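Colleague: One structure is given below, represented as structure tokens, and several questions about it will come after.
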Amino acid sequence: MKKYLNFIYQGIVVLIAYVLLSNLLHRYLFPEPAANPDVYPIVGDVMENHFAKERYIVLKTDKETNGAYAEVELHLEPGGAIPEPHIHPHYDETFTVKQGALTLMIDGAEIKLGPGQSHTVPKGLGHQPFNRSDREFIGIVRVNPPALWALFITQFHGFLTENQEPRTDLEFFLQAMLVTDYFGDTYLASPPIPVQKVLSFMIAPTARLLGYRSWKRENSLKWRQKG
């Protein structure tokens, strides 16, 4: 029994040492660089995630609104949805329907919107949009204040569509823990945000070691329209 407890103790010590050393390297000695100016989205960028049947068209960034808000046109094919329930702790998100119908799940409650209707999801509430109709949904999504939201969706959709096959749950989780640490304004709806922050602190360095990155130049430029 004593030998077993000794083994557990040594394992815990090694784990703590690894987490501390990896964070020293990840955060202070070799931190991820700030995103280059050319990776920030611009008006007209079109992001498409065919796995989730969704498409975004950038309408306005913080540059066009003097930092007031950012706005995209969201398209969801029938059966399409934003991939995971999520939370924005620092900004409100407003959905306005132009065509079709939108179902919003907000903290377990269902809200249905039709043409001309809109709903604002206050900061801090878990939510996920769906198109449960048989017609394409087209609507406007606005976040206020914009923070790094436009850059985040540009980069995360680039990650989701890098491969020919959908990302596995493990790949999604590792990237989520890394970008949560980097952007700090989008979290999964569960577990609670404080738990995700702890997990991110522990896992983000390992995600980088495995080749994951919070941003890649190619994940922004792939959405840029040639013209």
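In the structure tokens, chains take the letters A, B, ... in the order shown, each chain's residues start at 1, and ligands count up from 1 in the order shown.
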Let's see if you can do this: from backbone DSSP, list all strand (DSSP E) residues in range 68-97 of chain A, as number ranges by chain.

Modeller: A: 70-76, 86-87, 92-97

Colleague: Write the residues of the preceding selection, restricted to N, CA, C and O atoms, as a PDB file, in the first residue's frame.

Modeller:
```pdb
ATOM      1  N   ALA A  70     -19.067  44.398 -34.533  1.00  0.00           N
ATOM      2  CA  ALA A  70     -18.692  43.680 -35.747  1.00  0.00           C
ATOM      3  C   ALA A  70     -19.932  42.945 -36.239  1.00  0.00           C
ATOM      4  O   ALA A  70     -20.800  42.571 -35.435  1.00  0.00           O
ATOM      5  N   GLU A  71     -20.009  42.718 -37.547  1.00  0.00           N
ATOM      6  CA  GLU A  71     -21.235  42.176 -38.119  1.00  0.00           C
ATOM      7  C   GLU A  71     -20.918  41.233 -39.273  1.00  0.00           C
ATOM      8  O   GLU A  71     -20.051  41.524 -40.103  1.00  0.00           O
ATOM      9  N   VAL A  72     -21.624  40.108 -39.301  1.00  0.00           N
ATOM     10  CA  VAL A  72     -21.483  39.158 -40.407  1.00  0.00           C
ATOM     11  C   VAL A  72     -22.864  38.729 -40.870  1.00  0.00           C
ATOM     12  O   VAL A  72     -23.853  38.846 -40.142  1.00  0.00           O
ATOM     13  N   GLU A  73     -22.917  38.250 -42.116  1.00  0.00           N
ATOM     14  CA  GLU A  73     -24.132  37.599 -42.608  1.00  0.00           C
ATOM     15  C   GLU A  73     -23.934  36.101 -42.445  1.00  0.00           C
ATOM     16  O   GLU A  73     -22.945  35.536 -42.929  1.00  0.00           O
ATOM     17  N   LEU A  74     -24.856  35.461 -41.736  1.00  0.00           N
ATOM     18  CA  LEU A  74     -24.758  34.031 -41.455  1.00  0.00           C
ATOM     19  C   LEU A  74     -25.737  33.262 -42.334  1.00  0.00           C
ATOM     20  O   LEU A  74     -26.920  33.617 -42.413  1.00  0.00           O
ATOM     21  N   HIS A  75     -25.236  32.224 -42.994  1.00  0.00           N
ATOM     22  CA  HIS A  75     -26.073  31.322 -43.779  1.00  0.00           C
ATOM     23  C   HIS A  75     -26.018  29.936 -43.136  1.00  0.00           C
ATOM     24  O   HIS A  75     -24.924  29.419 -42.873  1.00  0.00           O
ATOM     25  N   LEU A  76     -27.179  29.345 -42.906  1.00  0.00           N
ATOM     26  CA  LEU A  76     -27.256  27.968 -42.415  1.00  0.00           C
ATOM     27  C   LEU A  76     -28.164  27.172 -43.349  1.00  0.00           C
ATOM     28  O   LEU A  76     -29.328  27.537 -43.542  1.00  0.00           O
ATOM     29  N   HIS A  86     -21.927  27.614 -26.781  1.00  0.00           N
ATOM     30  CA  HIS A  86     -20.783  28.378 -26.317  1.00  0.00           C
ATOM     31  C   HIS A  86     -21.225  29.634 -25.571  1.00  0.00           C
ATOM     32  O   HIS A  86     -22.417  29.996 -25.585  1.00  0.00           O
ATOM     33  N   ILE A  87     -20.266  30.296 -24.961  1.00  0.00           N
ATOM     34  CA  ILE A  87     -20.523  31.485 -24.146  1.00  0.00           C
ATOM     35  C   ILE A  87     -19.538  32.579 -24.543  1.00  0.00           C
ATOM     36  O   ILE A  87     -18.350  32.311 -24.748  1.00  0.00           O
ATOM     37  N   ASP A  92     -22.354  41.046 -26.086  1.00  0.00           N
ATOM     38  CA  ASP A  92     -23.679  40.585 -26.481  1.00  0.00           C
ATOM     39  C   ASP A  92     -23.656  40.179 -27.953  1.00  0.00           C
ATOM     40  O   ASP A  92     -22.866  40.706 -28.743  1.00  0.00           O
ATOM     41  N   GLU A  93     -24.552  39.265 -28.317  1.00  0.00           N
ATOM     42  CA  GLU A  93     -24.628  38.791 -29.708  1.00  0.00           C
ATOM     43  C   GLU A  93     -26.082  38.849 -30.162  1.00  0.00           C
ATOM     44  O   GLU A  93     -26.948  38.230 -29.540  1.00  0.00           O
ATOM     45  N   THR A  94     -26.326  39.591 -31.232  1.00  0.00           N
ATOM     46  CA  THR A  94     -27.690  39.774 -31.735  1.00  0.00           C
ATOM     47  C   THR A  94     -27.870  39.054 -33.063  1.00  0.00           C
ATOM     48  O   THR A  94     -27.059  39.215 -33.985  1.00  0.00           O
ATOM     49  N   PHE A  95     -28.941  38.261 -33.151  1.00  0.00           N
ATOM     50  CA  PHE A  95     -29.284  37.528 -34.370  1.00  0.00           C
ATOM     51  C   PHE A  95     -30.542  38.145 -34.974  1.00  0.00           C
ATOM     52  O   PHE A  95     -31.562  38.277 -34.289  1.00  0.00           O
ATOM     53  N   THR A  96     -30.485  38.511 -36.253  1.00  0.00           N
ATOM     54  CA  THR A  96     -31.627  39.077 -36.964  1.00  0.00           C
ATOM     55  C   THR A  96     -31.893  38.239 -38.207  1.00  0.00           C
ATOM     56  O   THR A  96     -30.980  37.993 -39.002  1.00  0.00           O
ATOM     57  N   VAL A  97     -33.125  37.807 -38.387  1.00  0.00           N
ATOM     58  CA  VAL A  97     -33.474  36.914 -39.495  1.00  0.00           C
ATOM     59  C   VAL A  97     -33.835  37.724 -40.743  1.00  0.00           C
ATOM     60  O   VAL A  97     -34.693  38.609 -40.697  1.00  0.00           O
TER      61      VAL A  97
END
```

Colleague: Show which residues sit within 7 Å of range 185-197 of chain A, as number ranges by chain. Count only C-alpha atoms, and ignore same-chain residues fewer than 3 positions away.

Modeller: A: 85-90, 126, 180, 200-201

Colleague: If you count only C-alpha atoms, which residues fall within 12 Å of range 7-21 of chain A, apart from same-chain ones fewer than 3 positions away, as a list in words?

Modeller: Met1, Lys2, Lys3, Tyr4, Leu24, Leu25, His26, Arg27, Tyr28, Leu29, Phe30, Val198, Leu199, Ser200, Phe201, Met202, Ile203, Ala204, Pro205 and Thr206 of chain A

Colleague: Export, as a PDB file, in the first residue's frame, the selected residues with N, CA and C atoms.

Modeller:
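Done, and the output landed in out-v6.pdb:
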```
ATOM      1  N   MET A   1       0.821  -1.198   0.000  1.00  0.00           N
ATOM      2  CA  MET A   1       0.000   0.000   0.000  1.00  0.00           C
ATOM      3  C   MET A   1       0.867   1.266   0.000  1.00  0.00           C
ATOM      4  N   LYS A   2       1.935   1.225   0.812  1.00  0.00           N
ATOM      5  CA  LYS A   2       2.824   2.366   0.905  1.00  0.00           C
ATOM      6  C   LYS A   2       3.499   2.626  -0.438  1.00  0.00           C
ATOM      7  N   LYS A   3       3.902   1.525  -1.116  1.00  0.00           N
ATOM      8  CA  LYS A   3       4.550   1.662  -2.420  1.00  0.00           C
ATOM      9  C   LYS A   3       3.580   2.261  -3.435  1.00  0.00           C
ATOM     10  N   TYR A   4       2.304   1.870  -3.338  1.00  0.00           N
ATOM     11  CA  TYR A   4       1.279   2.377  -4.242  1.00  0.00           C
ATOM     12  C   TYR A   4       1.071   3.876  -4.021  1.00  0.00           C
ATOM     13  N   LEU A  24       5.793  27.830 -18.278  1.00  0.00           N
ATOM     14  CA  LEU A  24       6.917  28.765 -18.335  1.00  0.00           C
ATOM     15  C   LEU A  24       7.387  28.929 -19.782  1.00  0.00           C
ATOM     16  N   LEU A  25       7.501  27.813 -20.481  1.00  0.00           N
ATOM     17  CA  LEU A  25       7.924  27.853 -21.880  1.00  0.00           C
ATOM     18  C   LEU A  25       6.853  28.497 -22.765  1.00  0.00           C
ATOM     19  N   HIS A  26       5.602  28.087 -22.564  1.00  0.00           N
ATOM     20  CA  HIS A  26       4.495  28.524 -23.413  1.00  0.00           C
ATOM     21  C   HIS A  26       4.172  30.001 -23.243  1.00  0.00           C
ATOM     22  N   ARG A  27       4.218  30.504 -22.031  1.00  0.00           N
ATOM     23  CA  ARG A  27       3.745  31.862 -21.754  1.00  0.00           C
ATOM     24  C   ARG A  27       4.856  32.909 -21.714  1.00  0.00           C
ATOM     25  N   TYR A  28       6.062  32.510 -21.309  1.00  0.00           N
ATOM     26  CA  TYR A  28       7.096  33.508 -21.059  1.00  0.00           C
ATOM     27  C   TYR A  28       8.324  33.381 -21.966  1.00  0.00           C
ATOM     28  N   LEU A  29       8.812  32.163 -22.138  1.00  0.00           N
ATOM     29  CA  LEU A  29      10.023  32.007 -22.944  1.00  0.00           C
ATOM     30  C   LEU A  29       9.719  31.940 -24.441  1.00  0.00           C
ATOM     31  N   PHE A  30       8.630  31.238 -24.801  1.00  0.00           N
ATOM     32  CA  PHE A  30       8.261  31.108 -26.221  1.00  0.00           C
ATOM     33  C   PHE A  30       6.765  31.352 -26.392  1.00  0.00           C
ATOM     34  N   VAL A 198      -8.867  26.617 -15.861  1.00  0.00           N
ATOM     35  CA  VAL A 198      -7.882  25.721 -15.243  1.00  0.00           C
ATOM     36  C   VAL A 198      -7.409  24.682 -16.255  1.00  0.00           C
ATOM     37  N   LEU A 199      -8.372  24.082 -16.979  1.00  0.00           N
ATOM     38  CA  LEU A 199      -8.013  23.091 -17.997  1.00  0.00           C
ATOM     39  C   LEU A 199      -7.140  23.714 -19.083  1.00  0.00           C
ATOM     40  N   SER A 200      -7.488  24.933 -19.476  1.00  0.00           N
ATOM     41  CA  SER A 200      -6.702  25.620 -20.496  1.00  0.00           C
ATOM     42  C   SER A 200      -5.275  25.866 -20.020  1.00  0.00           C
ATOM     43  N   PHE A 201      -5.137  26.279 -18.767  1.00  0.00           N
ATOM     44  CA  PHE A 201      -3.808  26.509 -18.194  1.00  0.00           C
ATOM     45  C   PHE A 201      -2.977  25.226 -18.248  1.00  0.00           C
ATOM     46  N   MET A 202      -3.630  24.099 -17.986  1.00  0.00           N
ATOM     47  CA  MET A 202      -2.917  22.826 -17.944  1.00  0.00           C
ATOM     48  C   MET A 202      -2.647  22.259 -19.346  1.00  0.00           C
ATOM     49  N   ILE A 203      -3.581  22.466 -20.269  1.00  0.00           N
ATOM     50  CA  ILE A 203      -3.544  21.744 -21.545  1.00  0.00           C
ATOM     51  C   ILE A 203      -2.990  22.565 -22.704  1.00  0.00           C
ATOM     52  N   ALA A 204      -3.147  23.902 -22.670  1.00  0.00           N
ATOM     53  CA  ALA A 204      -2.706  24.737 -23.792  1.00  0.00           C
ATOM     54  C   ALA A 204      -1.250  24.490 -24.190  1.00  0.00           C
ATOM     55  N   PRO A 205      -0.305  24.395 -23.237  1.00  0.00           N
ATOM     56  CA  PRO A 205       1.083  24.145 -23.643  1.00  0.00           C
ATOM     57  C   PRO A 205       1.255  22.816 -24.387  1.00  0.00           C
ATOM     58  N   THR A 206       0.518  21.797 -23.952  1.00  0.00           N
ATOM     59  CA  THR A 206       0.606  20.501 -24.619  1.00  0.00           C
ATOM     60  C   THR A 206       0.029  20.578 -26.023  1.00  0.00           C
TER      61      THR A 206
END
```

Colleague: With only C-alpha atoms as the counted atoms, please give the residues lying no more than 12 Å from Glu48 in chain A, apart from itself and same-chain residues fewer than 4 positions off, as a list in words.

Modeller: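 In the requested form, the answer reads Ala52, Lys53, Glu54, Arg55, Tyr56, Ile57, Val58, Glu73, Leu74, His75, Leu76, Glu77, Gly80, Ile82, Ile153, Thr154, Gln155, Phe156, His157, Gly158, Phe159, Leu160, Thr161, Glu162, Asn219, Ser220, Lys222, Trp223 and Arg224 of chain A.
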
Colleague: Go through A:Leu113, A:Leu151, A:His119, A:Glu165 and flag the residue nearest Trp215 in chain A, using only C-alpha atoms for the distances.

Modeller: A:Leu151

Colleague: Please list as a ChimeraX atom specification every residue within 12 Å of Asp134 in chain A, counting only C-alpha atoms and excluding residues in the same chain fewer than 2 positions away.

Modeller: /A:76-80,99-102,130-132,136-137

Colleague: Limited to N, CA and C atoms, could you put the picked residues into a file as a PDB file, in the first residue's frame?

Modeller:
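Final output, out.pdb:
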```pdb
ATOM      1  N   LEU A  76     -27.179  29.345 -42.906  1.00  0.00           N
ATOM      2  CA  LEU A  76     -27.256  27.968 -42.415  1.00  0.00           C
ATOM      3  C   LEU A  76     -28.164  27.172 -43.349  1.00  0.00           C
ATOM      4  N   GLU A  77     -27.631  26.120 -43.910  1.00  0.00           N
ATOM      5  CA  GLU A  77     -28.459  25.239 -44.716  1.00  0.00           C
ATOM      6  C   GLU A  77     -29.422  24.486 -43.808  1.00  0.00           C
ATOM      7  N   PRO A  78     -30.489  23.899 -44.361  1.00  0.00           N
ATOM      8  CA  PRO A  78     -31.381  23.084 -43.525  1.00  0.00           C
ATOM      9  C   PRO A  78     -30.589  22.026 -42.749  1.00  0.00           C
ATOM     10  N   GLY A  79     -30.814  21.980 -41.453  1.00  0.00           N
ATOM     11  CA  GLY A  79     -30.066  21.052 -40.595  1.00  0.00           C
ATOM     12  C   GLY A  79     -28.743  21.608 -40.114  1.00  0.00           C
ATOM     13  N   GLY A  80     -28.385  22.813 -40.557  1.00  0.00           N
ATOM     14  CA  GLY A  80     -27.111  23.414 -40.156  1.00  0.00           C
ATOM     15  C   GLY A  80     -27.163  24.014 -38.764  1.00  0.00           C
ATOM     16  N   GLN A  99     -34.042  35.755 -43.893  1.00  0.00           N
ATOM     17  CA  GLN A  99     -34.749  34.730 -44.684  1.00  0.00           C
ATOM     18  C   GLN A  99     -34.780  33.434 -43.887  1.00  0.00           C
ATOM     19  N   GLY A 100     -35.905  32.712 -43.976  1.00  0.00           N
ATOM     20  CA  GLY A 100     -35.997  31.436 -43.294  1.00  0.00           C
ATOM     21  C   GLY A 100     -36.329  31.597 -41.820  1.00  0.00           C
ATOM     22  N   ALA A 101     -35.902  30.626 -41.044  1.00  0.00           N
ATOM     23  CA  ALA A 101     -36.193  30.620 -39.610  1.00  0.00           C
ATOM     24  C   ALA A 101     -34.952  30.183 -38.846  1.00  0.00           C
ATOM     25  N   LEU A 102     -34.822  30.692 -37.629  1.00  0.00           N
ATOM     26  CA  LEU A 102     -33.676  30.367 -36.785  1.00  0.00           C
ATOM     27  C   LEU A 102     -34.173  29.907 -35.428  1.00  0.00           C
ATOM     28  N   PHE A 130     -29.483  27.096 -34.549  1.00  0.00           N
ATOM     29  CA  PHE A 130     -29.788  25.966 -35.431  1.00  0.00           C
ATOM     30  C   PHE A 130     -30.716  26.435 -36.546  1.00  0.00           C
ATOM     31  N   ASN A 131     -30.641  25.749 -37.677  1.00  0.00           N
ATOM     32  CA  ASN A 131     -31.674  25.871 -38.710  1.00  0.00           C
ATOM     33  C   ASN A 131     -32.415  24.544 -38.766  1.00  0.00           C
ATOM     34  N   ARG A 132     -33.570  24.497 -38.155  1.00  0.00           N
ATOM     35  CA  ARG A 132     -34.355  23.260 -38.111  1.00  0.00           C
ATOM     36  C   ARG A 132     -35.470  23.262 -39.159  1.00  0.00           C
ATOM     37  N   GLU A 136     -33.073  27.452 -46.483  1.00  0.00           N
ATOM     38  CA  GLU A 136     -31.844  28.089 -46.019  1.00  0.00           C
ATOM     39  C   GLU A 136     -32.158  29.284 -45.123  1.00  0.00           C
ATOM     40  N   PHE A 137     -31.428  29.373 -44.028  1.00  0.00           N
ATOM     41  CA  PHE A 137     -31.527  30.547 -43.159  1.00  0.00           C
ATOM     42  C   PHE A 137     -30.458  31.556 -43.571  1.00  0.00           C
TER      43      PHE A 137
END
```

Colleague: From the options A:Tyr182, A:Phe173, A:Phe152, A:Tyr212, which residue's atoms come nearest to Tyr40 in chain A, counting only C-alpha atoms?

Modeller: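 Closest candidate: A:Phe152.
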
Colleague: Measuring atom to atom with only C-alpha atoms, identify which of A:Ala68, A:Leu178, A:Ile140, A:Val43 is nearest to Leu210 in chain A.

Modeller: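 Among the listed residues, the smallest separation from Leu210 in chain A belongs to A:Leu178.
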
Colleague: Pick out each residue of range 72-162 of chain A that DSSP on the backbone tags as helix (DSSP H, G or I); I need them as an MDAnalysis selection string.

Modeller: chainID A and resid 149:160

Colleague: I'd like to know which of A:Gly67, A:Pro129, A:Gly44, A:Gly114 is closest to Ala147 in chain A, using only C-alpha atoms.

Modeller: A:Gly67

Colleague: Got a sec: who's within 7 Å of Leu104 in chain A, counting only C-alpha atoms, leaving out chain neighbours fewer than 4 positions off, as a PyMOL selection string?

Modeller: chain A and resi 110-112+127-130

Colleague: Which of these, A:Ala207, A:Val121, A:Leu221, A:Val179, has the shortest distance to Pro41 in chain A once you count only C-alpha atoms?

Modeller: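 The closest residue to Pro41 in chain A is A:Leu221.
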
Colleague: My list of candidates is A:Met47, A:Pro146, A:Gly124, A:Ser133. Which is closest to Thr103 in chain A when distances are computed with only C-alpha atoms?

Modeller: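 Among A:Met47, A:Pro146, A:Gly124, A:Ser133, it is A:Ser133 that comes nearest to Thr103 in chain A.
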
Colleague: How far is it from CA of Ala35 in chain A to CA of Gln225 in chain A, in Å with one decimal?

Modeller: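 Answer for the CA of Ala35 in chain A to CA of Gln225 in chain A separation: 20.0 Å.
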
Colleague: How many Å separate CA of Thr168 in chain A from CA of Ser22 in chain A?

Modeller: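 Taking CA of Thr168 in chain A as the start and CA of Ser22 in chain A as the end point, the length is 24.4 Å.
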